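Enquirer: Contents of entry37.tsv (TSV, C-alpha atoms) are given next:
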chain	number	residue	atom	x	y	z
A	1	MET	CA	-22.67	-5.48	-32.10
A	2	GLU	CA	-20.20	-8.20	-33.15
A	3	GLN	CA	-17.20	-6.07	-32.19
A	4	ARG	CA	-18.74	-5.28	-28.81
A	5	SER	CA	-19.42	-8.99	-28.16
A	6	LEU	CA	-15.86	-9.97	-29.06
A	7	SER	CA	-14.53	-7.27	-26.73
A	8	ALA	CA	-16.72	-8.59	-23.92
A	9	LEU	CA	-15.42	-12.13	-24.50
A	10	ALA	CA	-11.83	-10.88	-24.48
A	11	VAL	CA	-12.35	-9.07	-21.19
A	12	PHE	CA	-14.07	-12.14	-19.70
A	13	ALA	CA	-11.13	-14.35	-20.72
A	14	PHE	CA	-8.66	-11.86	-19.27
A	15	LEU	CA	-10.49	-11.81	-15.94
A	16	LEU	CA	-10.45	-15.60	-15.81
A	17	LEU	CA	-6.73	-15.80	-16.56
A	18	PRO	CA	-5.47	-15.41	-12.96
A	19	SER	CA	-7.71	-18.28	-11.82
A	20	VAL	CA	-6.28	-20.77	-14.31
A	21	LEU	CA	-2.62	-19.85	-13.97
A	22	PRO	CA	-0.64	-22.07	-11.58
A	23	ALA	CA	0.12	-20.51	-8.21
A	24	GLN	CA	3.58	-19.02	-8.26
A	25	GLY	CA	3.76	-18.21	-4.58
A	26	THR	CA	6.69	-16.68	-2.75
A	27	ALA	CA	10.37	-17.60	-2.63
A	28	ASN	CA	12.63	-18.54	0.31
A	29	GLY	CA	9.95	-17.83	2.88
A	30	GLU	CA	9.89	-14.13	1.97
A	31	TRP	CA	6.78	-12.02	1.39
A	32	HIS	CA	7.67	-9.01	-0.77
A	33	VAL	CA	4.16	-7.98	-1.84
A	34	TYR	CA	0.95	-7.40	0.10
A	35	GLY	CA	-0.65	-10.41	-1.61
A	36	GLY	CA	2.49	-12.56	-1.44
A	37	ASP	CA	3.47	-12.15	-5.10
A	38	ALA	CA	2.59	-9.99	-8.09
A	39	ALA	CA	-0.48	-12.14	-8.81
A	40	HIS	CA	-1.64	-11.78	-5.17
A	41	THR	CA	-1.99	-15.56	-4.84
A	42	ARG	CA	-1.29	-15.34	-1.07
A	43	TYR	CA	0.40	-18.70	-1.47
A	44	THR	CA	3.66	-19.97	-0.04
A	45	PRO	CA	5.20	-23.39	-0.77
A	46	LEU	CA	6.64	-23.67	2.75
A	47	ASP	CA	5.78	-27.02	4.33
A	48	GLN	CA	7.53	-26.95	7.70
A	49	ILE	CA	4.17	-26.54	9.46
A	50	ASP	CA	1.42	-28.98	8.48
A	51	ALA	CA	-1.51	-30.87	9.97
A	52	SER	CA	0.79	-33.28	11.78
A	53	ASN	CA	2.56	-30.64	13.91
A	54	ALA	CA	0.28	-27.58	14.02
A	55	SER	CA	-0.98	-28.58	17.48
A	56	ASP	CA	2.59	-28.47	18.83
A	57	LEU	CA	3.16	-24.81	17.97
A	58	GLU	CA	3.91	-22.41	20.82
A	59	ILE	CA	4.12	-18.61	20.98
A	60	VAL	CA	7.77	-17.51	20.95
A	61	TRP	CA	7.20	-13.75	21.07
A	62	ARG	CA	4.50	-11.09	20.74
A	63	TRP	CA	4.88	-7.68	19.15
A	64	ASN	CA	2.57	-5.10	20.71
A	65	ALA	CA	1.14	-2.03	18.96
A	66	ARG	CA	-0.03	-0.47	22.23
A	67	ASN	CA	2.34	2.50	21.88
A	68	PHE	CA	0.99	3.41	18.45
A	69	GLY	CA	-2.28	4.96	19.63
A	70	PRO	CA	-4.83	6.29	19.87
A	71	ASN	CA	-6.95	3.13	19.55
A	72	PRO	CA	-4.10	1.13	18.01
A	73	PHE	CA	-5.92	-2.20	18.01
A	74	ALA	CA	-9.24	-1.02	16.62
A	75	GLN	CA	-7.75	-0.20	13.22
A	76	THR	CA	-5.01	-2.80	12.75
A	77	GLN	CA	-5.38	-4.08	9.19
A	78	ALA	CA	-1.82	-4.47	7.90
A	79	THR	CA	-0.23	-7.56	6.35
A	80	PRO	CA	3.52	-7.51	7.15
A	81	LEU	CA	6.10	-7.91	4.41
A	82	MET	CA	9.11	-10.20	4.94
A	83	ILE	CA	12.13	-8.87	3.04
A	84	ASN	CA	15.72	-10.00	3.51
A	85	GLY	CA	14.92	-11.42	6.92
A	86	VAL	CA	13.05	-8.37	8.27
A	87	LEU	CA	9.32	-7.83	8.84
A	88	TYR	CA	7.83	-4.49	7.75
A	89	ALA	CA	4.35	-3.34	8.74
A	90	THR	CA	2.21	-0.34	9.64
A	91	ALA	CA	0.58	0.29	13.00
A	92	GLY	CA	-1.91	2.64	14.60
A	93	ARG	CA	-4.15	5.42	13.39
A	94	ARG	CA	-1.16	7.49	12.25
A	95	ARG	CA	0.03	4.57	10.09
A	96	SER	CA	3.49	4.40	11.63
A	97	VAL	CA	5.93	2.15	9.78
A	98	VAL	CA	7.82	-0.44	11.81
A	99	ALA	CA	10.65	-2.87	11.08
A	100	ILE	CA	10.71	-6.00	13.26
A	101	ASP	CA	13.21	-8.81	13.79
A	102	PRO	CA	11.20	-11.98	12.98
A	103	GLY	CA	13.40	-14.11	15.21
A	104	THR	CA	13.01	-12.10	18.41
A	105	GLY	CA	10.17	-9.62	17.89
A	106	GLU	CA	12.55	-6.73	18.53
A	107	THR	CA	11.59	-3.42	16.96
A	108	LEU	CA	14.47	-2.39	14.70
A	109	TRP	CA	13.18	1.04	13.73
A	110	THR	CA	9.96	3.06	13.55
A	111	TRP	CA	8.85	6.01	11.44
A	112	ARG	CA	5.79	8.24	11.39
A	113	MET	CA	4.77	11.57	9.88
A	114	ASP	CA	3.15	14.44	11.76
A	115	GLU	CA	0.33	15.34	9.38
A	116	GLY	CA	-1.62	17.64	11.67
A	117	GLU	CA	-4.98	18.70	10.21
A	118	ARG	CA	-4.68	16.31	7.29
A	119	LEU	CA	-4.55	13.35	9.67
A	120	GLN	CA	-7.47	14.62	11.72
A	121	ALA	CA	-9.61	15.09	8.60
A	122	ALA	CA	-8.42	11.98	6.75
A	123	PRO	CA	-11.21	9.75	5.35
A	124	ARG	CA	-9.17	6.59	6.08
A	125	PRO	CA	-7.34	7.15	9.43
A	126	ASN	CA	-6.15	3.63	10.21
A	127	SER	CA	-3.10	1.41	9.95
A	128	GLY	CA	-3.80	0.81	6.28
A	129	ARG	CA	-3.04	-2.49	4.59
A	130	GLY	CA	0.71	-2.14	5.05
A	131	VAL	CA	3.65	-1.08	2.91
A	132	ALA	CA	5.13	-1.76	-0.52
A	133	TYR	CA	8.74	-2.49	-1.51
A	134	TRP	CA	11.05	-1.47	-4.34
A	135	GLU	CA	14.73	-2.13	-4.86
A	136	ASP	CA	16.99	0.06	-6.98
A	137	PRO	CA	19.60	-1.36	-9.42
A	138	ASP	CA	22.27	-1.18	-6.70
A	139	GLY	CA	20.21	-3.35	-4.37
A	140	ASN	CA	19.11	-0.54	-2.04
A	141	GLY	CA	15.66	-1.37	-0.67
A	142	ARG	CA	12.91	1.18	-0.19
A	143	ILE	CA	9.82	0.81	1.93
A	144	LEU	CA	6.89	2.75	0.43
A	145	VAL	CA	3.90	3.91	2.44
A	146	VAL	CA	0.82	5.99	1.63
A	147	THR	CA	-0.05	7.94	4.78
A	148	PRO	CA	-3.59	8.69	6.08
A	149	GLY	CA	-3.10	12.34	5.07
A	150	TYR	CA	-2.33	11.20	1.51
A	151	HIS	CA	1.44	11.46	1.18
A	152	LEU	CA	3.63	8.89	-0.57
A	153	VAL	CA	6.84	8.33	1.39
A	154	ALA	CA	9.96	6.33	0.54
A	155	LEU	CA	12.03	5.01	3.45
A	156	ASP	CA	15.43	3.33	3.50
A	157	ALA	CA	14.66	-0.31	4.32
A	158	ASP	CA	17.74	-0.63	6.54
A	159	THR	CA	17.46	2.57	8.57
A	160	GLY	CA	13.90	3.87	8.29
A	161	TYR	CA	15.14	7.29	7.18
A	162	GLU	CA	13.43	9.14	4.32
A	163	VAL	CA	15.13	8.71	0.94
A	164	GLU	CA	16.03	12.33	0.20
A	165	SER	CA	16.31	11.81	-3.57
A	166	PHE	CA	12.65	10.77	-3.71
A	167	GLY	CA	10.15	13.60	-4.14
A	168	GLU	CA	10.77	16.40	-1.64
A	169	GLN	CA	13.12	14.96	0.97
A	170	GLY	CA	11.49	11.55	0.69
A	171	THR	CA	7.87	12.62	0.30
A	172	VAL	CA	5.42	13.16	-2.55
A	173	ASP	CA	2.31	15.16	-1.66
A	174	LEU	CA	-0.43	13.21	-3.45
A	175	MET	CA	-2.82	16.15	-3.28
A	176	GLU	CA	-0.59	18.52	-5.26
A	177	ASP	CA	-1.10	16.89	-8.66
A	178	HIS	CA	-4.58	15.51	-8.00
A	179	ARG	CA	-7.62	16.87	-9.81
A	180	ALA	CA	-9.74	19.19	-7.69
A	181	ARG	CA	-13.41	20.15	-7.87
A	182	ASP	CA	-14.67	23.68	-7.24
A	183	GLY	CA	-16.03	24.03	-3.75
A	184	ILE	CA	-14.64	20.68	-2.54
A	185	ASP	CA	-11.82	20.77	-0.01
A	186	MET	CA	-9.39	18.03	-0.96
A	187	VAL	CA	-8.27	17.70	2.67
A	188	GLY	CA	-10.68	15.21	4.18
A	189	SER	CA	-12.29	14.18	0.90
A	190	ILE	CA	-9.54	11.97	-0.57
A	191	GLY	CA	-7.04	9.51	0.81
A	192	ALA	CA	-6.13	5.82	0.68
A	193	SER	CA	-5.71	2.84	2.98
A	194	SER	CA	-4.47	0.30	0.44
A	195	THR	CA	-0.79	-0.23	-0.23
A	196	ALA	CA	0.83	1.16	-3.34
A	197	ALA	CA	1.48	-1.35	-6.14
A	198	VAL	CA	4.99	-1.59	-7.57
A	199	VAL	CA	5.14	-2.58	-11.24
A	200	GLY	CA	8.71	-2.67	-12.46
A	201	ASP	CA	10.04	0.80	-11.65
A	202	VAL	CA	6.61	2.43	-11.35
A	203	ILE	CA	4.70	3.01	-8.10
A	204	VAL	CA	0.95	2.88	-8.75
A	205	VAL	CA	-1.17	4.73	-6.19
A	206	GLY	CA	-4.94	4.62	-5.94
A	207	SER	CA	-7.36	6.71	-3.90
A	208	ALA	CA	-10.40	6.33	-1.71
A	209	HIS	CA	-13.15	8.40	-0.12
A	210	HIS	CA	-14.96	7.98	3.19
A	211	VAL	CA	-15.76	4.43	4.27
A	212	GLY	CA	-19.27	3.35	3.38
A	213	ALA	CA	-19.55	5.32	0.11
A	214	ARG	CA	-21.45	8.20	1.71
A	215	PRO	CA	-20.27	11.31	-0.16
A	216	PRO	CA	-22.06	14.51	0.89
A	217	SER	CA	-22.97	15.22	-2.73
A	218	ARG	CA	-22.68	13.74	-6.21
A	219	VAL	CA	-19.78	16.13	-6.84
A	220	ASN	CA	-16.63	14.92	-5.14
A	221	THR	CA	-12.86	14.83	-5.51
A	222	PRO	CA	-12.20	12.33	-8.33
A	223	GLY	CA	-10.57	9.04	-7.31
A	224	ASP	CA	-7.80	8.94	-9.91
A	225	VAL	CA	-5.04	6.33	-10.25
A	226	ARG	CA	-1.48	7.57	-10.80
A	227	GLY	CA	1.94	6.17	-11.59
A	228	TYR	CA	5.17	7.57	-10.11
A	229	ASP	CA	8.81	6.95	-10.90
A	230	ALA	CA	10.08	4.67	-8.12
A	231	ALA	CA	13.52	6.28	-8.09
A	232	THR	CA	12.58	9.96	-8.16
A	233	GLY	CA	8.93	10.20	-7.18
A	234	ASN	CA	8.13	12.10	-10.38
A	235	LEU	CA	4.59	11.73	-11.71
A	236	LEU	CA	4.59	9.60	-14.87
A	237	TRP	CA	0.91	9.23	-15.72
A	238	THR	CA	-2.65	9.67	-14.46
A	239	PHE	CA	-5.72	7.55	-15.19
A	240	HIS	CA	-8.96	9.50	-14.83
A	241	THR	CA	-11.54	7.12	-13.36
A	242	ILE	CA	-14.12	9.79	-14.16
A	243	PRO	CA	-13.21	11.08	-17.64
A	244	GLU	CA	-12.90	14.75	-18.41
A	245	PRO	CA	-14.99	16.15	-21.27
A	246	GLY	CA	-13.61	14.83	-24.55
A	247	GLU	CA	-11.87	11.83	-22.98
A	248	LEU	CA	-13.01	8.32	-23.87
Would you mind giving the structure from this file in structure tokens?
Expert:
Amino acid sequence: MEQRSLSALAVFAFLLLPSVLPAQGTANGEWHVYGGDAAHTRYTPLDQIDASNASDLEIVWRWNARNFGPNPFAQTQATPLMINGVLYATAGRRRSVVAIDPGTGETLWTWRMDEGERLQAAPRPNSGRGVAYWEDPDGNGRILVVTPGYHLVALDADTGYEVESFGEQGTVDLMEDHRARDGIDMVGSIGASSTAAVVGDVIVVGSAHHVGARPPSRVNTPGDVRGYDAATGNLLWTFHTIPEPGEL
């Protein structure tokens, strides 16, 4: 009982830690992570706009997702990243990736995958929360997106082309190394709308089922969490959210 209580206190202290750490925020007006920084503080120290001049702001440009249908505005949930002076976001039901000039609103490049049946059956067919970013030792940036049909794709940040050295021609099929359940079709039962998380040189990918937690039965495709090598796309580890027999 004493050991269990100490463990509970340790976990409680760990959960409180982010709330007592000072906000680190972003640097140089950039936004490299979905939540602003690794701690997801969503804080920026920029002070050019404040209460004294907010009423003077005017719209300089608008970027329109109308061409990224069907129903492009009904499922727009992305937070753009700002990396090296370029905005990166996702748009539309197919989760197209776009690069935008923040000064003019010009679209620099777009990318999307034709996922066919997997898109039509996807449990989370929407724009998703956006993209993730990783930079190799030579300074080459990669934009990482998890598609509605559950693929992990690495794109060259400058061109929007798939990084051929990553996975199979730039793509990792997240269903191939995912645990299956007898009688459950993985297509349509598993997917994700959140961005991947980049921790050092590891891409961490989660999973999700249908919105509203309404599985057709108590037996479903497990929602595992996995880590992939950011350079190669190779699977490094898997965390079983529902343990297999014999696992703790």
Enquirer: Please, what distance in Å, to one decimal, runs between atom CA of Asp156 of chain A and atom CA of Leu46 of chain A?
Expert: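 Value for the atom CA of Asp156 of chain A-atom CA of Leu46 of chain A distance: 28.4 Å.
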Enquirer: Restricting the calculation to only C-alpha atoms, which member of A:Thr171, A:Gln77, A:Asn84, A:Thr110 is positioned closest to Ser127 of chain A?
Expert: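 With only C-alpha atoms as the atom set, the closest residue is A:Gln77.
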Enquirer: Quick one: distance from atom CA of Tyr43 of chain A to atom CA of Ala78 of chain A in Å, one decimal?
Expert: 17.2 Å
Enquirer: Kindly give the distance, in Å, that separates atom CA of His210 of chain A and atom CA of Arg124 of chain A, rounded to a single decimal.
Expert: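 Separation of atom CA of His210 of chain A and atom CA of Arg124 of chain A: 6.6 Å.
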Enquirer: Point out the residue among A:Thr195, A:Asn234, A:Thr44, A:Asn67 with the least atom-to-atom distance to Ala27 of chain A, counting all atoms listed in the file.
Expert: A:Thr44
Enquirer: Counting only C-alpha atoms, which residues sit no farther than 9 Å from the position (-7.1, 2.2, 8.6) in the file's frame? I'd like them as a PyMOL selection string.
Expert: chain A and resi 74-78+92-95+124-129+148+192-194
